[in-house]
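S.K.: Provided herewith: entry-v6.csv, CSV, C-alpha atoms.
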```csv
chain,number,residue,atom,x,y,z
E,295,MET,CA,100.3,-84.5,-153.6
E,296,PHE,CA,98.0,-86.4,-156.0
E,297,LYS,CA,96.0,-88.4,-153.5
E,298,ALA,CA,92.6,-86.9,-154.6
E,299,LEU,CA,93.2,-88.4,-158.1
E,300,GLN,CA,92.4,-91.8,-156.5
E,301,SER,CA,88.7,-90.7,-156.8
E,302,LYS,CA,87.6,-91.7,-160.4
E,303,ASN,CA,85.2,-88.8,-160.8
E,304,PHE,CA,87.7,-86.2,-159.7
E,305,LYS,CA,90.3,-87.8,-162.0
E,306,LEU,CA,87.9,-87.4,-164.9
E,307,PHE,CA,87.1,-83.8,-163.9
E,308,PHE,CA,90.8,-83.0,-163.5
E,309,TYR,CA,91.8,-84.4,-166.9
E,310,GLY,CA,89.0,-82.8,-168.7
E,311,GLN,CA,89.6,-79.4,-167.1
E,312,SER,CA,93.4,-79.7,-167.9
E,313,VAL,CA,92.6,-79.0,-171.5
E,314,SER,CA,89.7,-76.6,-171.1
E,315,VAL,CA,91.5,-74.2,-168.8
E,316,ILE,CA,94.4,-73.8,-171.2
E,317,GLY,CA,91.9,-72.9,-173.8
E,318,THR,CA,90.3,-70.3,-171.4
E,319,TRP,CA,93.7,-68.6,-171.0
E,320,LEU,CA,94.3,-68.6,-174.7
E,321,GLN,CA,91.0,-66.7,-175.1
E,322,LYS,CA,91.6,-64.4,-172.1
E,323,THR,CA,95.1,-63.4,-173.2
E,324,ALA,CA,94.0,-62.9,-176.8
E,325,VAL,CA,91.0,-60.7,-175.8
E,326,SER,CA,93.2,-58.5,-173.6
E,327,TRP,CA,95.8,-58.0,-176.2
E,328,MET,CA,93.3,-57.5,-179.0
E,329,VAL,CA,91.2,-54.9,-177.2
E,330,TYR,CA,94.3,-52.9,-176.2
E,331,SER,CA,95.9,-53.2,-179.7
E,332,VAL,CA,92.7,-52.3,-181.6
E,333,THR,CA,91.6,-49.4,-179.3
E,334,GLY,CA,94.8,-48.3,-177.5
E,335,SER,CA,92.5,-47.6,-174.6
E,336,VAL,CA,93.4,-48.6,-171.0
E,337,PHE,CA,89.7,-47.9,-170.0
E,338,LEU,CA,88.3,-50.3,-172.6
E,339,LEU,CA,90.9,-52.9,-171.5
E,340,GLY,CA,89.6,-52.6,-168.0
E,341,LEU,CA,86.0,-52.6,-169.2
E,342,ALA,CA,86.5,-55.9,-171.0
E,343,THR,CA,87.8,-57.5,-167.7
E,344,PHE,CA,85.0,-55.7,-165.8
E,345,LEU,CA,82.2,-57.2,-168.0
E,346,SER,CA,83.6,-60.7,-167.9
E,347,MET,CA,83.6,-60.7,-164.1
E,348,ILE,CA,81.1,-58.2,-162.7
E,349,PRO,CA,78.1,-60.7,-162.9
E,350,SER,CA,79.7,-62.6,-160.0
E,351,LEU,CA,79.1,-59.7,-157.8
E,352,PHE,CA,75.4,-59.7,-158.3
E,353,LEU,CA,74.7,-63.3,-159.3
E,354,ALA,CA,77.0,-65.3,-157.0
E,355,PRO,CA,74.5,-65.4,-154.0
E,356,LEU,CA,71.7,-66.4,-156.4
E,357,ALA,CA,73.9,-69.0,-158.0
E,358,GLY,CA,74.7,-70.4,-154.5
E,359,SER,CA,71.1,-70.8,-153.7
E,360,ILE,CA,70.0,-72.3,-157.0
E,361,ILE,CA,73.0,-74.8,-157.3
E,362,GLY,CA,72.5,-76.0,-153.8
E,363,ARG,CA,69.0,-77.2,-154.8
E,364,TYR,CA,69.6,-78.9,-158.1
E,365,ASP,CA,71.8,-81.7,-159.6
E,366,LYS,CA,75.3,-80.1,-159.8
E,367,HIS,CA,76.5,-82.7,-162.3
E,368,LYS,CA,73.8,-81.9,-164.9
E,369,THR,CA,74.1,-78.2,-164.1
E,370,MET,CA,77.8,-78.3,-164.9
E,371,ILE,CA,77.2,-80.0,-168.2
E,372,LEU,CA,74.7,-77.3,-169.2
E,373,LEU,CA,77.0,-74.5,-168.1
E,374,GLN,CA,80.0,-75.9,-170.0
E,375,SER,CA,77.8,-76.3,-173.1
E,376,LEU,CA,76.8,-72.6,-172.9
E,377,ALA,CA,80.5,-71.6,-172.4
E,378,MET,CA,81.3,-73.5,-175.5
E,379,LEU,CA,78.7,-71.7,-177.5
E,380,GLN,CA,80.1,-68.3,-176.3
E,381,ALA,CA,83.6,-69.3,-177.3
E,382,GLY,CA,82.3,-70.5,-180.7
E,383,ALA,CA,80.5,-67.2,-181.3
E,384,LEU,CA,83.7,-65.2,-180.5
E,385,ALA,CA,85.8,-67.5,-182.6
E,386,LEU,CA,83.5,-67.1,-185.6
E,387,MET,CA,83.4,-63.3,-185.3
E,388,ILE,CA,87.2,-62.9,-185.2
E,389,TYR,CA,87.7,-65.5,-187.9
E,390,LEU,CA,85.4,-63.4,-190.1
E,391,LYS,CA,87.6,-60.3,-189.1
E,392,ILE,CA,84.6,-58.6,-187.4
E,393,TYR,CA,86.6,-56.5,-184.9
E,394,ASN,CA,83.5,-54.9,-183.4
E,395,ILE,CA,84.4,-53.8,-179.8
E,396,ASN,CA,80.7,-53.7,-178.8
E,397,PHE,CA,80.2,-57.4,-179.8
E,398,ILE,CA,83.4,-58.4,-178.0
E,399,LEU,CA,82.3,-56.6,-174.8
E,400,ALA,CA,78.8,-58.2,-175.1
E,401,LEU,CA,80.3,-61.6,-175.4
E,402,SER,CA,82.5,-60.9,-172.4
E,403,LEU,CA,79.4,-60.0,-170.4
E,404,PHE,CA,77.7,-63.3,-171.4
E,405,GLN,CA,80.8,-65.2,-170.4
E,406,GLY,CA,80.7,-63.4,-167.0
E,407,ILE,CA,77.1,-64.5,-166.5
E,408,ILE,CA,78.0,-68.1,-167.3
E,409,ASN,CA,81.1,-68.0,-165.0
E,410,ALA,CA,79.1,-66.7,-162.0
E,411,PHE,CA,77.1,-70.0,-162.0
E,412,ASP,CA,79.9,-72.2,-163.3
E,413,MET,CA,82.5,-71.3,-160.7
E,414,THR,CA,80.0,-71.8,-157.9
E,415,CYS,CA,78.9,-75.1,-159.3
E,416,ARG,CA,82.5,-76.2,-159.9
E,417,GLN,CA,83.6,-75.5,-156.3
E,418,THR,CA,80.5,-77.0,-154.6
E,419,MET,CA,80.7,-80.1,-156.8
E,420,MET,CA,84.2,-80.9,-155.3
E,421,ILE,CA,82.6,-82.6,-152.3
E,422,ASP,CA,80.5,-84.9,-154.6
E,423,ILE,CA,83.4,-86.1,-156.8
E,424,VAL,CA,86.0,-86.8,-154.1
E,425,ASP,CA,85.4,-90.2,-152.5
E,426,ASN,CA,87.4,-89.6,-149.3
E,427,LYS,CA,86.3,-86.3,-147.8
E,428,GLU,CA,89.7,-85.9,-146.1
E,429,ASP,CA,91.2,-85.4,-149.6
E,430,LEU,CA,89.0,-82.4,-150.2
E,431,PRO,CA,91.7,-79.8,-149.4
E,432,ASN,CA,94.1,-81.7,-151.6
E,433,ALA,CA,91.5,-81.6,-154.4
E,434,VAL,CA,91.0,-77.9,-154.0
E,435,ALA,CA,94.8,-77.4,-154.2
E,436,LEU,CA,95.2,-79.7,-157.2
E,437,ASN,CA,92.5,-77.8,-159.0
E,438,SER,CA,94.3,-74.6,-158.2
E,439,THR,CA,97.5,-76.1,-159.4
E,440,LEU,CA,95.9,-77.1,-162.7
E,441,ASN,CA,94.4,-73.6,-163.2
E,442,ASN,CA,97.8,-72.0,-162.5
E,443,PHE,CA,99.7,-74.4,-164.7
E,444,ALA,CA,97.2,-73.3,-167.4
E,445,ARG,CA,98.1,-69.7,-166.5
E,446,ILE,CA,101.7,-70.5,-167.5
E,447,ALA,CA,101.0,-72.6,-170.6
E,448,GLY,CA,98.0,-70.7,-171.9
E,449,PRO,CA,99.5,-67.2,-172.2
E,450,ALA,CA,102.9,-68.6,-173.4
E,451,LEU,CA,101.0,-70.5,-176.1
E,452,ALA,CA,98.8,-67.5,-176.8
E,453,GLY,CA,101.9,-65.3,-177.3
E,454,ILE,CA,103.3,-67.7,-180.0
E,455,ILE,CA,99.9,-68.1,-181.7
E,456,LEU,CA,99.2,-64.3,-181.6
E,457,HIS,CA,102.6,-63.5,-183.1
E,458,HIS,CA,102.6,-66.1,-185.9
E,459,TYR,CA,98.9,-66.9,-186.6
E,460,GLY,CA,96.5,-64.3,-185.2
E,461,GLU,CA,93.8,-64.0,-182.6
E,462,ASP,CA,91.3,-66.2,-184.4
E,463,ILE,CA,93.3,-69.4,-183.8
E,464,CYS,CA,93.3,-68.6,-180.1
E,465,PHE,CA,89.6,-68.4,-180.0
E,466,ILE,CA,89.1,-71.5,-182.1
E,467,GLY,CA,91.4,-73.3,-179.8
E,468,ASN,CA,89.3,-72.4,-176.8
E,469,PHE,CA,86.1,-73.5,-178.5
E,470,LEU,CA,87.6,-76.9,-179.2
E,471,SER,CA,89.0,-77.2,-175.7
E,472,TYR,CA,85.4,-77.7,-174.4
E,473,ILE,CA,85.1,-81.1,-176.1
E,474,PRO,CA,87.2,-83.1,-173.7
E,475,VAL,CA,85.7,-81.5,-170.6
E,476,LEU,CA,82.2,-82.3,-171.8
E,477,ILE,CA,83.2,-85.9,-172.5
E,478,SER,CA,84.8,-86.2,-169.1
E,479,LEU,CA,81.6,-84.9,-167.4
E,480,LEU,CA,79.4,-87.3,-169.3
E,481,MET,CA,81.7,-90.2,-168.2
E,482,MET,CA,81.3,-89.4,-164.5
E,483,LYS,CA,79.0,-91.6,-162.4
E,484,ILE,CA,77.6,-89.5,-159.5
E,485,THR,CA,74.8,-90.4,-157.2
E,486,PRO,CA,71.7,-88.6,-158.4
E,487,HIS,CA,70.9,-85.4,-156.5
E,488,ILE,CA,67.7,-85.4,-154.5
E,489,LYS,CA,65.7,-82.4,-155.6
E,490,ALA,CA,64.7,-79.9,-153.0
E,491,VAL,CA,61.1,-80.1,-152.1
E,492,ASP,CA,60.8,-76.6,-150.6
E,493,LYS,CA,60.2,-73.7,-152.9
E,494,PHE,CA,63.1,-71.6,-154.1
E,495,LYS,CA,63.1,-68.4,-152.1
E,496,MET,CA,65.9,-66.1,-153.1
E,497,LEU,CA,65.5,-63.4,-150.5
E,498,GLU,CA,65.2,-65.9,-147.6
E,499,ASP,CA,68.2,-67.9,-148.9
E,500,PHE,CA,70.3,-64.8,-149.3
E,501,ILE,CA,69.5,-63.6,-145.7
E,502,GLU,CA,70.1,-67.1,-144.2
E,503,GLY,CA,73.5,-67.4,-146.1
E,504,PHE,CA,74.5,-63.9,-145.1
E,505,ASP,CA,73.6,-64.5,-141.4
E,506,TYR,CA,75.6,-67.7,-141.4
E,507,VAL,CA,78.7,-66.1,-142.8
E,508,LYS,CA,78.4,-63.2,-140.4
E,509,LYS,CA,78.1,-65.5,-137.4
E,510,GLU,CA,81.2,-67.5,-138.6
E,511,ALA,CA,83.6,-64.9,-137.3
E,512,GLU,CA,86.8,-66.2,-138.8
E,513,MET,CA,85.2,-66.9,-142.2
E,514,ALA,CA,83.7,-63.4,-142.2
E,515,LYS,CA,87.1,-61.7,-141.5
E,516,MET,CA,88.8,-63.8,-144.2
E,517,LEU,CA,86.1,-62.8,-146.7
E,518,LEU,CA,86.4,-59.1,-145.8
E,519,MET,CA,90.2,-59.4,-146.3
E,520,LEU,CA,89.6,-61.1,-149.7
E,521,MET,CA,87.1,-58.4,-150.7
E,522,CYS,CA,89.6,-55.7,-150.0
E,523,SER,CA,92.4,-57.4,-151.9
E,524,SER,CA,90.1,-58.1,-154.9
E,525,LEU,CA,88.8,-54.6,-155.0
E,526,PHE,CA,92.1,-52.7,-154.5
E,527,VAL,CA,95.0,-55.0,-155.2
E,528,ILE,CA,94.5,-58.1,-157.4
E,529,SER,CA,93.2,-56.0,-160.2
E,530,PHE,CA,96.8,-54.7,-160.9
E,531,ASN,CA,96.9,-57.6,-163.4
E,532,THR,CA,94.6,-55.6,-165.7
E,533,LEU,CA,97.5,-53.2,-166.4
E,534,MET,CA,100.0,-55.8,-167.5
E,535,PRO,CA,99.5,-55.1,-171.2
E,536,VAL,CA,100.5,-51.5,-170.5
E,537,PHE,CA,103.7,-52.7,-168.7
E,538,ALA,CA,104.5,-55.1,-171.6
E,539,LYS,CA,103.8,-52.7,-174.5
E,540,ASP,CA,104.4,-49.2,-173.2
E,541,ILE,CA,106.8,-49.4,-170.2
E,542,PHE,CA,109.0,-52.2,-171.5
E,543,SER,CA,108.4,-51.6,-175.3
E,544,GLY,CA,107.4,-55.2,-175.9
E,545,ASN,CA,104.9,-57.1,-177.9
E,546,ALA,CA,102.4,-59.9,-177.4
E,547,GLN,CA,105.2,-62.3,-176.5
E,548,THR,CA,106.3,-59.9,-173.7
E,549,PHE,CA,102.8,-59.7,-172.4
E,550,SER,CA,102.7,-63.5,-172.3
E,551,TRP,CA,105.9,-63.5,-170.2
E,552,PHE,CA,104.2,-61.4,-167.5
E,553,GLU,CA,101.2,-63.7,-167.4
E,554,SER,CA,103.4,-66.8,-167.3
E,555,ALA,CA,105.6,-65.4,-164.6
E,556,ALA,CA,102.6,-64.9,-162.4
E,557,GLY,CA,101.5,-68.4,-163.3
E,558,ILE,CA,104.8,-69.9,-162.3
E,559,GLY,CA,104.6,-68.3,-158.9
E,560,SER,CA,101.0,-69.4,-158.5
E,561,ILE,CA,101.7,-73.0,-159.3
E,562,LEU,CA,104.6,-73.2,-156.8
E,563,SER,CA,102.2,-71.8,-154.2
E,564,ALA,CA,99.5,-74.3,-155.2
E,565,ILE,CA,102.0,-77.2,-155.0
E,566,TYR,CA,102.9,-76.2,-151.4
E,567,LEU,CA,99.2,-76.1,-150.5
E,568,ALA,CA,98.5,-79.4,-152.1
E,569,ASN,CA,101.2,-81.0,-149.9
E,570,LEU,CA,99.8,-79.6,-146.6
E,571,LYS,CA,98.9,-82.4,-144.2
E,572,LYS,CA,96.9,-80.1,-141.9
E,573,THR,CA,94.6,-77.2,-142.8
E,574,ASP,CA,94.4,-75.5,-139.5
E,575,ASN,CA,96.9,-72.7,-140.3
E,576,MET,CA,95.0,-71.1,-143.2
E,577,SER,CA,94.9,-67.7,-141.5
E,578,LYS,CA,98.7,-67.5,-141.0
E,579,ILE,CA,99.3,-68.6,-144.6
E,580,MET,CA,96.9,-65.9,-145.8
E,581,ILE,CA,98.7,-63.2,-143.8
E,582,ALA,CA,102.1,-64.2,-145.1
E,583,ALA,CA,100.8,-64.4,-148.6
E,584,SER,CA,99.2,-61.0,-148.5
E,585,LEU,CA,102.4,-59.3,-147.3
E,586,LEU,CA,104.4,-61.0,-150.1
E,587,LEU,CA,101.8,-59.8,-152.6
E,588,GLY,CA,101.9,-56.2,-151.4
E,589,PHE,CA,105.7,-55.9,-151.3
E,590,SER,CA,106.2,-57.6,-154.7
E,591,ILE,CA,103.9,-55.3,-156.6
E,592,ILE,CA,105.4,-52.2,-155.0
E,593,ILE,CA,108.8,-53.2,-156.4
E,594,LEU,CA,107.2,-54.2,-159.7
E,595,ALA,CA,105.6,-50.7,-160.0
E,596,TYR,CA,109.0,-48.9,-160.2
E,597,SER,CA,111.2,-51.5,-161.8
E,598,ASN,CA,113.0,-50.5,-164.9
E,599,ASN,CA,114.5,-54.0,-165.5
E,600,LEU,CA,112.4,-56.6,-167.3
E,601,THR,CA,114.0,-59.5,-165.4
E,602,ILE,CA,113.3,-57.9,-162.0
E,603,ALA,CA,109.7,-57.1,-163.1
E,604,LEU,CA,109.1,-60.7,-164.1
E,605,ILE,CA,110.5,-62.0,-160.8
E,606,CYS,CA,108.2,-59.6,-159.0
E,607,MET,CA,105.3,-61.0,-161.1
E,608,ALA,CA,106.2,-64.5,-160.0
E,609,LEU,CA,106.3,-63.5,-156.4
E,610,SER,CA,103.0,-61.8,-156.7
E,611,GLY,CA,101.6,-65.0,-158.2
E,612,VAL,CA,102.8,-66.9,-155.1
E,613,GLY,CA,101.1,-64.4,-152.8
E,614,MET,CA,97.9,-64.1,-154.8
E,615,MET,CA,97.5,-67.8,-155.1
E,616,ALA,CA,98.2,-68.6,-151.5
E,617,GLN,CA,95.9,-65.8,-150.3
E,618,THR,CA,92.9,-66.8,-152.3
E,619,SER,CA,93.3,-70.6,-152.0
E,620,SER,CA,93.9,-70.6,-148.2
E,621,ILE,CA,90.5,-68.8,-147.9
E,622,ASN,CA,88.9,-71.2,-150.3
E,623,ILE,CA,90.2,-74.3,-148.4
E,624,TYR,CA,89.0,-72.8,-145.1
E,625,ILE,CA,85.5,-72.3,-146.4
E,626,GLN,CA,85.3,-75.7,-148.2
E,627,THR,CA,86.4,-77.5,-145.0
E,628,GLN,CA,84.7,-75.5,-142.3
E,629,SER,CA,81.3,-74.7,-143.9
E,630,ALA,CA,78.1,-76.6,-142.8
E,631,VAL,CA,76.9,-79.0,-145.4
E,632,ASN,CA,73.7,-77.2,-146.1
E,633,MET,CA,75.5,-73.9,-146.2
E,634,ARG,CA,78.5,-74.8,-148.3
E,635,SER,CA,77.2,-73.6,-151.7
E,636,ARG,CA,76.1,-70.3,-150.2
E,637,SER,CA,79.4,-69.8,-148.3
E,638,ILE,CA,81.3,-70.5,-151.5
E,639,SER,CA,79.1,-68.1,-153.4
E,640,TYR,CA,80.1,-65.4,-151.0
E,641,TYR,CA,83.7,-66.3,-151.5
E,642,LEU,CA,83.2,-65.9,-155.3
E,643,MET,CA,81.3,-62.7,-154.7
E,644,ALA,CA,84.2,-61.3,-152.7
E,645,TYR,CA,86.8,-62.6,-155.1
E,646,GLN,CA,85.5,-62.6,-158.7
E,647,GLY,CA,82.8,-60.0,-158.0
E,648,MET,CA,85.2,-57.3,-156.7
E,649,ILE,CA,88.0,-57.7,-159.2
E,650,PRO,CA,86.1,-56.1,-162.1
E,651,VAL,CA,85.1,-53.1,-160.0
E,652,GLY,CA,88.8,-52.8,-159.1
E,653,SER,CA,89.7,-53.1,-162.8
E,654,LEU,CA,87.5,-50.1,-163.7
E,655,ILE,CA,88.9,-48.1,-160.8
E,656,ILE,CA,92.5,-48.7,-161.6
E,657,GLY,CA,91.9,-48.1,-165.3
E,658,TYR,CA,90.5,-44.6,-164.4
E,659,VAL,CA,93.1,-43.9,-161.7
E,660,SER,CA,96.1,-45.0,-163.9
E,661,HIS,CA,94.8,-42.5,-166.6
E,662,ILE,CA,95.2,-39.7,-164.0
E,663,ILE,CA,98.3,-40.5,-162.0
E,664,GLY,CA,100.0,-43.1,-164.2
E,665,THR,CA,100.3,-46.8,-164.3
E,666,ARG,CA,103.4,-47.1,-162.1
E,667,ASN,CA,101.9,-44.9,-159.3
E,668,THR,CA,98.6,-46.8,-159.4
E,669,VAL,CA,100.3,-50.2,-159.0
E,670,ALA,CA,102.5,-48.9,-156.1
E,671,ILE,CA,99.4,-47.6,-154.3
E,672,GLN,CA,97.7,-51.0,-154.7
E,673,GLY,CA,100.7,-52.6,-153.0
E,674,ILE,CA,100.6,-50.2,-150.1
E,675,ILE,CA,96.8,-50.8,-149.7
E,676,CYS,CA,97.6,-54.6,-149.5
E,677,ILE,CA,100.1,-54.2,-146.7
E,678,ILE,CA,97.8,-51.8,-144.8
E,679,SER,CA,94.9,-54.3,-145.1
E,680,VAL,CA,97.1,-57.0,-143.5
E,681,ILE,CA,98.0,-54.7,-140.6
E,682,VAL,CA,94.3,-54.0,-140.0
E,683,TYR,CA,93.3,-57.6,-140.3
E,684,VAL,CA,96.0,-58.7,-137.8
E,685,TYR,CA,95.1,-55.9,-135.3
E,686,TYR,CA,91.4,-56.7,-135.6
E,687,LYS,CA,92.0,-60.5,-135.2
E,688,LYS,CA,94.0,-60.0,-132.0
E,689,TYR,CA,91.9,-57.2,-130.5
E,690,LYS,CA,88.5,-59.0,-131.2
E,691,SER,CA,89.6,-62.7,-130.8
E,692,THR,CA,88.1,-63.2,-127.3
E,693,ASP,CA,84.7,-61.7,-128.3
E,694,GLU,CA,84.6,-63.6,-131.6
E,695,LEU,CA,85.2,-66.9,-129.9
E,696,GLU,CA,82.2,-66.3,-127.7
E,697,THR,CA,79.9,-65.4,-130.6
E,698,CYS,CA,81.1,-67.9,-133.2
E,699,ALA,CA,78.2,-70.2,-134.2
E,700,VAL,CA,80.1,-73.5,-133.7
E,701,PRO,CA,76.9,-75.3,-132.6
E,702,TYR,CA,75.2,-74.2,-135.8
E,703,ARG,CA,78.0,-75.8,-137.9
E,704,ASN,CA,78.2,-79.0,-135.9
E,705,SER,CA,74.5,-79.6,-136.0
E,706,ASN,CA,74.6,-79.7,-139.8
E,707,SER,CA,77.9,-81.5,-140.4
```
Represent the structure contained in this file as C-alpha cells.
M.R.:
Amino acid sequence: MFKALQSKNFKLFFYGQSVSVIGTWLQKTAVSWMVYSVTGSVFLLGLATFLSMIPSLFLAPLAGSIIGRYDKHKTMILLQSLAMLQAGALALMIYLKIYNINFILALSLFQGIINAFDMTCRQTMMIDIVDNKEDLPNAVALNSTLNNFARIAGPALAGIILHHYGEDICFIGNFLSYIPVLISLLMMKITPHIKAVDKFKMLEDFIEGFDYVKKEAEMAKMLLMLMCSSLFVISFNTLMPVFAKDIFSGNAQTFSWFESAAGIGSILSAIYLANLKKTDNMSKIMIAASLLLGFSIIILAYSNNLTIALICMALSGVGMMAQTSSINIYIQTQSAVNMRSRSISYYLMAYQGMIPVGSLIIGYVSHIIGTRNTVAIQGIICIISVIVYVYYKKYKSTDELETCAVPYRNSNS
C-alpha cells in the first residue's frame, strides 16, 4: 500500500501535506459552521462553498495550460505561500472578532482562485515526484487516503476546538499548518523544468486540450459522468450543517460527526484503491461507487435516526471517493505526456468547478422543497446517471473503439 513512499520527493510531499490538509479541514469546517451560525442562511452557506470552488470552473483549463509550461515545483511553492497568506488574513480577522460576512466571502473567493491553480499543479506534479512511474496510481490513491484521513481528523478536531475555544483557533491552526508543507517543498530535489520556448496561447491550448479529451472516448464519458455527479449529487454535503443543527438538533460537534463519518468511508475506499494491483477496471469501480453513493444519500435524506444517518454518510463517502479517484487514476495513467496537465485540468473543471454551482442550486431548491426532499432527489439523479452511462457505454462501445485516438496517445507517451 505504501510503495510510492519509496520515492524521497513523494515522501516529503506526503508528510508535509499530512499536516496542511488537516489545517485546511479545520478552516473549512469552521467557515461552514460560522457562516450558518452567524447568518442562519442556507443560501449564504451555499454561497461560501460556491465562491471557494467556482474559480475552478473557469480557471482550470487556463491553469492546465500555464502549469504545463512552467516549473511545477516552484509554482507549488508560490501557490502554497499565497494560500498561507489567505489563511493568515482570515485568522487575523476572526481573532479581532470582525465577523464581516462580505470579507469572509471575499477571502473564500481568493482561496478558490488559488485552489484552481494549486490542485492542477498538485496533480500534475505527481509524475515528477514518483521515481517509479508504475507507482503513480498508488501515489494518487495514497494522496487521496491522506486527504480523507484529514477529513476525519480535521472536522473532529474542529468540533472540539469550536466548542471549547472558538473559530479563531481553527483559523490560526490552518495558518500554521502551511509551515511544514513549505519546508517539505523546499527540501525536494527535482530535475529543473525546461521552460517552453513557444509562446503561451490560451485559446489554442484550450481547443487542443478539449479536442484531445473529446477524442479519448472513455475519458470523455467518465468526465461527463463526473460533471453530472458534481453538479447534481456531491453538493449534498453543503446541507450537512442543516442536518446537524436543525434536523438532529445538534451542535458543532454533531456537524463534525457528519463530516468525519464521510471521511471514514472515504479513507476505507482510498485504502482499497491504494492496494489495487491493476488499474484496468476503473470504469466498473466508478459504476459500483456511483450506485452506492446514490442509494446511501436517498436513505440519509429520510432517516430519523442519527446512527443510521451517520452510517449512510460513511457509505456515501465510500462511493464519492471511489467515483472521483477512479476517474482521476484513469486520467493520470492514460493521458498523453504532453496532454496530462490539460486532461487533469478538465477533471478538476468537471469536479471542483461544478460542485459550487450545485451548492447554489441545492441551497435554493432546499429553501423551496425542504432539505430532505432535495437530498433524496440528488440520490435519484445519481442512480439515473449511472443507468444512462451504462446504456451509452454498451450502445456506443463499438463506434467509440473505432474513433478512439489511441495512436495520438501512443505517439506522445
S.K.: Work out how far atom CA of E:Ala595 is from atom CA of E:Val659, in Å to one decimal.
M.R.: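 Result for atom CA of E:Val659 versus atom CA of E:Ala595: 14.3 Å, one decimal.
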S.K.: So that I can check the surroundings of E:Arg416, please list as a PyMOL selection string every protein, DNA and RNA residue that reaches within 12 Å of it, counting all atoms listed in the file and ignoring chain neighbours fewer than 3 positions away.
M.R.: chain E and resi 304+307-308+311+357-358+361-362+366-371+373-374+408-413+419-423+433-434+437+479+635+638-639+642
S.K.: Can I get the residues of stretch 476-591 of chain E within 12 Å of stretch 465-471 of chain E, each with the closest pair of atoms and their distance in Å to one decimal, using all atoms listed in the file, sorted chain first then ascending number, as CSV?
M.R.:
```
residue,atom,partner,partner_atom,distance
E:Leu476,CA,E:Ser471,CA,9.4
E:Ile477,CA,E:Ser471,CA,10.9
E:Ser478,CA,E:Ser471,CA,11.9
```
S.K.: May I have the residues from that selection written out with C-alpha atoms, as an mmCIF file, keeping the file's coordinate frame?
M.R.:
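What landed in again.cif:
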```cif
data_model
loop_
_atom_site.group_PDB
_atom_site.id
_atom_site.type_symbol
_atom_site.label_atom_id
_atom_site.label_comp_id
_atom_site.auth_asym_id
_atom_site.auth_seq_id
_atom_site.Cartn_x
_atom_site.Cartn_y
_atom_site.Cartn_z
ATOM 1 C CA LEU E 476 82.200 -82.300 -171.800
ATOM 2 C CA ILE E 477 83.200 -85.900 -172.500
ATOM 3 C CA SER E 478 84.800 -86.200 -169.100
#
```
S.K.: Restricting the calculation to all atoms listed in the file: of E:Ser314, E:Ser577, E:Thr414, E:Thr333, which residue gets closest to E:Leu356?
M.R.: E:Thr414
S.K.: Could you state the separation of atom CA of E:Ser331 and atom CA of E:Leu525 in Å, given to one decimal place?
M.R.: 25.7 Å
S.K.: In Å, with one decimal, what is the gap from atom CA of E:Met534 to atom CA of E:Thr668?
M.R.: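 Atom CA of E:Thr668 lies 12.2 Å from atom CA of E:Met534.
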S.K.: Between E:Ala582, E:Ala514, E:Val424, E:Val315, which is the closest to E:Lys687 once you count only C-alpha atoms?
M.R.: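 For E:Lys687, the nearest of the candidates is E:Ala514.
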S.K.: Which residues, written as a list in words, have at least one atom at most 12 Å from E:Ala603, with only C-alpha atoms counted and residues fewer than 5 positions away on the same chain left out?
M.R.: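 After dropping sequence-adjacent residues, the list is Met534, Phe537, Ala538, Ile541, Phe542, Thr548, Phe549, Trp551, Phe552, Glu553, Ala555, Ala556, Ser590, Ile591, Ile592, Ile593, Leu594, Ala595, Tyr596, Ser597, Asn598, Ala608, Leu609, Ser610 and Arg666 of chain E.
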S.K.: Between E:Cys415, E:Ile407, E:Leu436, E:Ile605, which is the closest to E:Ile558 once you count all atoms listed in the file?
M.R.: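 Once distances to E:Ile558 are computed over all atoms listed in the file, the minimum belongs to E:Ile605.
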S.K.: Which one is closest to E:Leu517: E:Ile581, E:Leu562, E:Ile454, E:Met643? Count all atoms listed in the file.
M.R.: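 Smallest separation from E:Leu517 among the options: E:Met643.
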S.K.: Near E:Ile565, counting only C-alpha atoms, which residues have an atom at most 10 Å away, once you skip same-chain residues fewer than 4 positions from it, shown as a list in words?
M.R.: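 The filter keeps Met295, Asn432, Ala435, Leu436, Ser438, Thr439, Leu440, Ser560, Ile561, Asn569 and Leu570 of chain E.
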S.K.: Neighbouring residues of stretch 326-328 of chain E were defined as those with any atom within 12 Å, considering only C-alpha atoms; residues of the same chain fewer than 6 positions away were excluded. Please report them as a ChimeraX atom specification.
M.R.: /E:319-320,334-344,346,388,391,393-395,398-399,402,449,452-453,456-457,460-462,464-465,531-536,538-539,544-550,553
